[in-house]
>>> print(open('coords18.cif').read())   # mmCIF, C-alpha atoms
data_target
#
loop_
_atom_site.label_atom_id
_atom_site.label_comp_id
_atom_site.auth_asym_id
_atom_site.auth_seq_id
_atom_site.Cartn_x
_atom_site.Cartn_y
_atom_site.Cartn_z
CA MET A 13 86.30 25.98 92.56
CA PRO A 14 87.78 28.42 95.12
CA LEU A 15 91.40 29.48 94.78
CA SER A 16 93.96 28.20 97.26
CA PRO A 17 94.83 30.73 100.00
CA ARG A 18 98.46 30.38 98.84
CA VAL A 19 97.72 32.14 95.55
CA PRO A 20 98.98 35.76 95.73
CA ASP A 21 96.64 38.61 94.85
CA LEU A 22 96.85 40.35 91.49
CA ALA A 23 98.43 43.52 92.91
CA ALA A 24 101.37 41.55 94.31
CA LEU A 25 101.85 39.57 91.09
CA ASP A 26 101.66 42.74 89.01
CA LEU A 27 104.25 44.39 91.25
CA LEU A 28 106.60 41.39 90.96
CA VAL A 29 106.41 41.55 87.15
CA SER A 30 107.16 45.28 87.27
CA VAL A 31 110.18 44.82 89.56
CA ILE A 32 111.68 42.30 87.13
CA GLU A 33 110.92 44.46 84.08
CA LEU A 34 112.22 47.69 85.66
CA GLY A 35 115.08 46.11 87.61
CA SER A 36 114.36 48.02 90.82
CA LEU A 37 111.82 47.80 93.64
CA GLY A 38 111.90 51.60 93.94
CA ARG A 39 111.13 52.16 90.24
CA ALA A 40 108.36 49.54 90.39
CA ALA A 41 106.85 51.22 93.48
CA GLN A 42 106.88 54.57 91.67
CA ALA A 43 105.21 53.04 88.60
CA HIS A 44 102.45 51.58 90.80
CA GLY A 45 101.94 54.81 92.75
CA ILE A 46 102.94 53.37 96.12
CA SER A 47 105.80 53.97 98.53
CA GLN A 48 108.88 51.76 98.49
CA PRO A 49 108.15 50.44 102.04
CA SER A 50 104.65 49.45 100.86
CA ALA A 51 106.13 47.69 97.83
CA SER A 52 108.60 45.84 100.05
CA SER A 53 105.80 44.78 102.36
CA ARG A 54 103.76 43.52 99.42
CA ILE A 55 106.67 41.44 98.10
CA ARG A 56 107.39 40.01 101.56
CA TYR A 57 103.76 38.94 101.86
CA LEU A 58 103.94 37.31 98.42
CA GLU A 59 107.06 35.39 99.51
CA LYS A 60 105.26 34.31 102.69
CA LEU A 61 102.35 32.95 100.63
CA VAL A 62 104.50 31.00 98.14
CA GLY A 63 106.94 29.88 100.84
CA MET A 64 110.17 30.97 99.13
CA PRO A 65 112.10 34.11 98.12
CA VAL A 66 111.16 35.62 94.77
CA LEU A 67 113.66 38.52 94.64
CA GLU A 68 117.32 39.00 95.42
CA ARG A 69 118.34 42.50 96.51
CA THR A 70 121.70 43.66 95.14
CA THR A 71 123.57 46.94 95.08
CA LEU A 72 122.42 47.36 91.48
CA GLY A 73 118.75 46.74 92.20
CA SER A 74 116.53 43.66 92.44
CA ARG A 75 116.63 40.50 90.38
CA PRO A 76 114.38 37.44 90.48
CA THR A 77 115.35 34.19 92.09
CA PRO A 78 114.84 31.14 89.87
CA ALA A 79 111.50 30.55 91.58
CA GLY A 80 110.62 34.26 91.28
CA ALA A 81 111.39 34.24 87.54
CA LEU A 82 109.11 31.23 87.05
CA ILE A 83 106.29 32.75 89.13
CA ALA A 84 106.62 36.03 87.23
CA GLU A 85 106.38 34.19 83.91
CA TRP A 86 103.15 32.53 85.02
CA ALA A 87 101.94 35.81 86.50
CA ARG A 88 102.27 37.68 83.18
CA GLY A 89 99.40 35.66 81.72
CA VAL A 90 97.27 36.26 84.80
CA VAL A 91 98.01 40.01 84.78
CA ASP A 92 97.28 40.27 81.05
CA ALA A 93 93.97 38.45 81.56
CA ALA A 94 93.11 40.79 84.45
CA GLN A 95 93.84 43.82 82.26
CA GLN A 96 91.54 42.42 79.57
CA LEU A 97 88.87 41.87 82.21
CA ASP A 98 89.28 45.45 83.44
CA ALA A 99 89.01 46.78 79.88
CA GLY A 100 85.88 44.71 79.29
CA ILE A 101 84.25 45.94 82.50
CA ASP A 102 85.16 49.51 81.57
CA THR A 103 83.44 49.03 78.21
CA LEU A 104 80.32 47.79 79.99
CA ARG A 105 80.37 50.86 82.26
CA VAL A 106 80.66 53.17 79.26
CA GLU A 107 77.71 51.44 77.59
CA ARG A 108 75.70 51.64 80.81
CA ASP A 109 76.50 55.31 81.33
CA SER A 110 75.81 56.29 77.72
CA GLN A 111 72.07 56.39 78.31
CA LEU A 112 69.64 56.81 81.20
CA ARG A 113 65.92 56.18 81.13
CA VAL A 114 63.92 57.98 83.81
CA ALA A 115 60.23 58.01 84.69
CA ALA A 116 58.65 60.82 86.71
CA SER A 117 55.17 61.85 87.73
CA GLN A 118 53.87 64.99 86.07
CA THR A 119 54.61 67.59 88.74
CA ILE A 120 58.18 66.35 89.19
CA ALA A 121 58.74 65.98 85.44
CA GLU A 122 57.54 69.51 84.68
CA TYR A 123 58.77 71.55 87.63
CA LEU A 124 61.74 69.76 89.23
CA PHE A 125 63.37 67.47 86.68
CA PRO A 126 64.60 70.27 84.34
CA GLY A 127 66.72 71.73 87.15
CA TRP A 128 68.04 68.31 88.14
CA LEU A 129 68.87 67.62 84.50
CA MET A 130 70.96 70.77 84.16
CA THR A 131 73.09 69.69 87.12
CA LEU A 132 73.35 66.12 85.83
CA ARG A 133 74.58 67.41 82.48
CA THR A 134 77.64 68.91 84.17
CA ARG A 135 78.48 65.49 85.67
CA ALA A 136 77.58 63.25 82.73
CA PRO A 137 77.63 65.39 79.56
CA ASP A 138 77.81 62.39 77.24
CA THR A 139 74.81 60.55 78.72
CA ALA A 140 71.64 60.51 76.60
CA ILE A 141 68.65 60.91 78.92
CA ALA A 142 65.09 59.86 78.10
CA LEU A 143 62.25 60.98 80.40
CA GLN A 144 58.87 59.29 80.52
CA SER A 145 56.11 61.22 82.28
CA GLY A 146 52.93 59.77 83.78
CA ASN A 147 51.08 59.41 87.03
CA SER A 148 52.74 57.75 90.03
CA VAL A 149 51.24 54.31 89.34
CA GLU A 150 52.46 54.40 85.73
CA VAL A 151 55.92 55.50 86.84
CA ALA A 152 56.18 52.70 89.40
CA GLN A 153 55.09 50.13 86.82
CA ALA A 154 57.64 51.36 84.28
CA VAL A 155 60.43 50.92 86.83
CA LEU A 156 59.14 47.50 87.90
CA ASP A 157 59.03 46.41 84.25
CA GLY A 158 62.66 47.46 83.74
CA LYS A 159 61.80 50.14 81.20
CA ASP A 160 63.37 52.86 83.36
CA ALA A 161 66.33 52.72 85.73
CA ILE A 162 64.85 55.11 88.29
CA GLY A 163 61.51 56.79 88.88
CA PHE A 164 60.21 59.75 90.87
CA ILE A 165 56.71 59.64 92.32
CA GLU A 166 54.34 61.78 94.40
CA SER A 167 52.10 59.00 95.68
CA PRO A 168 52.30 57.95 99.36
CA ARG A 169 51.65 54.36 98.32
CA ASN A 170 54.40 51.79 98.79
CA PHE A 171 54.87 49.65 95.69
CA ARG A 172 55.88 46.04 96.17
CA GLY A 173 59.22 45.28 94.53
CA LEU A 174 60.53 48.85 94.69
CA GLU A 175 62.97 50.62 96.98
CA SER A 176 61.61 54.03 98.00
CA HIS A 177 63.49 57.05 99.39
CA ILE A 178 62.33 60.63 99.99
CA VAL A 179 64.19 63.19 97.87
CA ALA A 180 62.08 66.33 98.45
CA ARG A 181 58.92 67.71 100.01
CA ASP A 182 56.14 69.66 98.37
CA GLN A 183 53.04 71.53 99.46
CA LEU A 184 49.60 70.92 97.99
CA VAL A 185 47.28 73.92 97.85
CA VAL A 186 43.62 74.53 97.11
CA VAL A 187 43.11 76.87 94.15
CA VAL A 188 40.02 78.73 92.99
CA ASP A 189 39.22 81.49 90.51
CA PRO A 190 39.46 85.09 91.86
CA GLN A 191 35.65 85.47 91.99
CA HIS A 192 35.10 82.35 94.08
CA ARG A 193 33.72 82.80 97.59
CA TRP A 194 36.76 81.11 99.13
CA ALA A 195 39.00 83.64 97.39
CA ARG A 196 37.09 86.51 98.97
CA GLN A 197 37.16 84.79 102.37
CA GLY A 198 40.84 83.99 102.12
CA SER A 199 40.34 80.61 103.77
CA VAL A 200 38.14 77.50 103.86
CA ASP A 201 37.42 75.09 106.68
CA LEU A 202 38.27 71.43 106.26
CA ALA A 203 34.64 70.36 106.70
CA GLU A 204 33.48 72.59 103.85
CA LEU A 205 36.35 71.49 101.62
CA ALA A 206 35.55 67.85 102.33
CA ARG A 207 31.92 68.16 101.16
CA THR A 208 32.83 70.11 98.01
CA ALA A 209 33.12 68.35 94.65
CA LEU A 210 36.57 69.14 93.26
CA ILE A 211 38.26 69.05 89.89
CA GLN A 212 40.70 66.16 90.22
CA ARG A 213 43.40 64.27 88.37
CA GLU A 214 42.75 60.66 87.32
CA LEU A 215 43.00 57.71 89.70
CA GLY A 216 46.66 56.81 90.17
CA SER A 217 47.71 60.44 90.38
CA GLY A 218 50.02 61.10 93.32
CA THR A 219 48.46 64.53 93.93
CA ARG A 220 44.96 63.08 94.13
CA THR A 221 46.07 60.17 96.33
CA TRP A 222 47.93 62.42 98.78
CA PHE A 223 44.97 64.80 99.13
CA GLU A 224 42.35 62.08 99.56
CA ASN A 225 44.50 60.23 102.11
CA ALA A 226 45.08 63.43 104.10
CA VAL A 227 41.36 64.24 104.29
CA ALA A 228 40.46 60.62 105.09
CA ARG A 229 42.89 60.67 108.03
CA ALA A 230 41.29 63.88 109.35
CA ILE A 231 37.70 62.75 108.72
CA PRO A 232 37.32 58.97 109.14
CA GLY A 233 34.77 57.50 106.75
CA TRP A 234 34.96 60.44 104.33
CA GLU A 235 34.27 59.67 100.68
CA PRO A 236 35.57 62.05 97.96
CA THR A 237 33.25 63.72 95.45
CA VAL A 238 34.68 64.55 92.03
CA ALA A 239 33.15 67.30 89.91
CA LEU A 240 35.44 66.77 86.92
CA GLU A 241 38.33 64.39 86.26
CA LEU A 242 41.18 65.54 84.00
CA SER A 243 44.53 63.91 83.27
CA SER A 244 46.44 67.16 82.73
CA THR A 245 47.48 69.70 85.35
CA THR A 246 47.29 72.44 82.72
CA ALA A 247 43.70 71.45 81.88
CA ILE A 248 42.78 71.54 85.58
CA LYS A 249 44.24 75.03 86.00
CA THR A 250 42.32 76.25 82.95
CA ALA A 251 39.07 74.78 84.30
CA VAL A 252 39.59 76.36 87.73
CA ALA A 253 40.41 79.77 86.24
CA SER A 254 37.24 79.52 84.14
CA GLY A 255 35.11 79.11 87.27
CA VAL A 256 34.30 75.41 86.90
CA GLY A 257 35.27 74.73 90.52
CA PRO A 258 38.10 74.35 93.05
CA ALA A 259 41.02 71.96 92.73
CA VAL A 260 43.99 70.77 94.77
CA LEU A 261 47.36 71.00 93.03
CA SER A 262 51.05 71.25 93.82
CA SER A 263 52.22 74.71 94.85
CA LEU A 264 54.97 74.28 92.26
CA ALA A 265 52.41 73.89 89.49
CA VAL A 266 50.31 76.94 90.35
CA ALA A 267 52.97 79.43 91.48
CA PRO A 268 52.92 81.43 88.18
CA GLU A 269 49.11 81.68 88.13
CA ILE A 270 48.95 82.72 91.79
CA ALA A 271 51.62 85.36 91.15
CA ALA A 272 49.65 86.63 88.13
CA GLY A 273 46.36 86.66 90.04
CA THR A 274 44.52 84.29 87.68
CA LEU A 275 44.25 81.73 90.50
CA VAL A 276 43.89 82.28 94.23
CA SER A 277 44.96 79.89 96.99
CA PRO A 278 42.85 80.17 100.14
CA THR A 279 44.23 78.77 103.39
CA VAL A 280 42.78 75.40 104.46
CA ASN A 281 42.00 75.43 108.17
CA GLY A 282 42.67 72.13 109.90
CA LEU A 283 44.56 70.22 107.19
CA ASP A 284 48.27 69.70 106.55
CA LEU A 285 48.94 69.10 102.85
CA THR A 286 52.73 68.73 103.01
CA ARG A 287 53.81 65.67 101.05
CA ALA A 288 56.96 63.72 100.29
CA LEU A 289 58.35 63.21 96.79
CA ARG A 290 60.23 59.94 96.43
CA ALA A 291 62.71 58.18 94.19
CA VAL A 292 61.99 54.52 93.41
CA TRP A 293 64.05 51.72 91.86
CA PRO A 294 63.92 47.91 91.85
CA ALA A 295 64.29 46.36 95.30
CA GLY A 296 67.62 44.65 95.83
CA HIS A 297 69.31 46.69 93.10
CA ARG A 298 71.98 49.31 93.72
CA LEU A 299 71.82 52.57 91.81
CA THR A 300 74.95 53.10 89.72
CA GLY A 301 76.31 55.56 87.17
CA PRO A 302 74.05 58.43 86.02
CA ALA A 303 71.04 56.98 87.88
CA ARG A 304 72.94 57.28 91.15
CA ASP A 305 74.09 60.79 90.19
CA LEU A 306 70.51 61.86 89.46
CA TYR A 307 69.28 60.46 92.78
CA THR A 308 72.01 62.36 94.65
CA ILE A 309 71.21 65.59 92.79
CA ALA A 310 67.49 65.24 93.56
CA ARG A 311 68.18 64.73 97.27
CA ARG A 312 70.56 67.68 97.50
CA THR A 313 68.42 70.04 95.45
CA GLY A 314 64.99 69.02 96.73
CA ALA A 315 62.05 71.22 95.83
CA PRO A 316 62.25 75.03 95.82
CA SER A 317 60.13 76.83 98.37
CA ALA A 318 56.82 77.92 96.86
CA PRO A 319 55.99 81.64 97.00
CA ALA A 320 53.31 82.76 99.41
CA ALA A 321 49.81 82.39 98.01
CA ARG A 322 48.24 85.51 96.62
CA ARG A 323 44.66 86.08 97.67
CA ALA A 324 41.94 88.34 96.31
CA GLN A 325 41.21 91.38 98.43
#
>>> encode(input="coords18.cif", output="structure tokens")
Amino acid sequence: MPLSPRVPDLAALDLLVSVIELGSLGRAAQAHGISQPSASSRIRYLEKLVGMPVLERTTLGSRPTPAGALIAEWARGVVDAAQQLDAGIDTLRVERDSQLRVAASQTIAEYLFPGWLMTLRTRAPDTAIALQSGNSVEVAQAVLDGKDAIGFIESPRNFRGLESHIVARDQLVVVVDPQHRWARQGSVDLAELARTALIQRELGSGTRTWFENAVARAIPGWEPTVALELSSTTAIKTAVASGVGPAVLSSLAVAPEIAAGTLVSPTVNGLDLTRALRAVWPAGHRLTGPARDLYTIARRTGAPSAPAARRAQ
């Protein structure tokens, strides 16, 4: 049942109780952190709502009228109940903010999340954070199932039931071992790359999905050929370095190997492999507490620029 429009708001009732307890509108205004003119205005509005004076101003301060004393007596119970409600809500916030479950695809979990976490720790030092890593499909499902409050994915796919917002951009690169022909050439044409069997992540991987979508847009009707499927980026890098074949990985994941010369990244002529990294959470929900903080940190920090690829001479 809705309240009558004649019922004053809690702030006005709380102020009235304070005026009576402290004996002065000025002291009550100071206790509530507002100016005396604002306090006077609030009391006048309360009197307008109830239709009668609630305070008498005297040279010694303010005292309640008979009606004001009665309203204040009733108001004490309402104010006490509101304070209990506020305390209860605060307890719920503390419980909510005491832990944060996050899901992230492998590249983000390994190369971006640690930096985001360090910043989050300065904002929420008492929050226990649990990170679940998987491919983009697994991350999206974990968020949909309510296991994690927020997820970070690399896949371009839109998942029904999830809000999706870009937080960073990343560059995919082709990598080969230093003895590979593409390493000596320093580049590879899109047509040759498209007909080459690659070492790939499993289906559901954001890296694989982005690459295959990009090539399919450039070459309609193209069908990918997979030489070897591995579920670990580290395993793929080891296989490439051993001469098993080329692969497409995030520039973040291969920067150390390119710098060390154990992998080489030839330029791909005719293909843009820039991709978006996105945060996801349940549609219709609003991010709050540490989840909101993490999202903000991810957007502000983004992804570091990858170093220039090192090529064999």
>>> resolve_selection(input="coords18.cif", expression="the PyMOL selection byres ((chain A and resi 253) around 10)", output="PyMOL selection string")
chain A and resi 187-192+247-252+254-258+269+273-276
>>> resolve_selection(input="coords18.cif", expression="the PyMOL selection byres ((chain A and resi 223) around 12)", output="PyMOL selection string")
chain A and resi 166-168+183-186+202+205-206+210+212-213+215+217-222+224-230+235-236+259-262+283-287
>>> atom_distance(input="coords18.cif", atom1="CA of Ala40 in chain A", atom2="CA of Leu28 in chain A")
8.4 Å
>>> residues_around(input="coords18.cif", residues="range 30-37 of chain A", least_positions_apart="6", cutoff="9 Å", atoms="only C-alpha atoms", output="PDB file with C-alpha atoms, keeping the file's coordinate frame")
ATOM      1  CA  ALA A  43     105.210  53.040  88.600  1.00  0.00           C
ATOM      2  CA  HIS A  44     102.450  51.580  90.800  1.00  0.00           C
ATOM      3  CA  GLN A  48     108.880  51.760  98.490  1.00  0.00           C
ATOM      4  CA  ALA A  51     106.130  47.690  97.830  1.00  0.00           C
ATOM      5  CA  SER A  52     108.600  45.840 100.050  1.00  0.00           C
ATOM      6  CA  LEU A  67     113.660  38.520  94.640  1.00  0.00           C
ATOM      7  CA  ARG A  69     118.340  42.500  96.510  1.00  0.00           C
ATOM      8  CA  LEU A  72     122.420  47.360  91.480  1.00  0.00           C
ATOM      9  CA  GLY A  73     118.750  46.740  92.200  1.00  0.00           C
ATOM     10  CA  SER A  74     116.530  43.660  92.440  1.00  0.00           C
ATOM     11  CA  ARG A  75     116.630  40.500  90.380  1.00  0.00           C
ATOM     12  CA  PRO A  76     114.380  37.440  90.480  1.00  0.00           C
ATOM     13  CA  ALA A  81     111.390  34.240  87.540  1.00  0.00           C
ATOM     14  CA  ALA A  84     106.620  36.030  87.230  1.00  0.00           C
TER      15      ALA A  84
END
>>> closest_residue(input="coords18.cif", among="A:Ile178, A:Val280, A:Ala291, A:Ile120", to="Val200 in chain A", atoms="all atoms listed in the file")
A:Val280
>>> resolve_selection(input="coords18.cif", expression="the PyMOL selection byres ((chain A and resi 265) around 9)", output="JSON, numbers by chain")
{"A": [119, 122, 123, 245, 246, 249, 261, 262, 263, 264, 266, 267, 268, 269]}
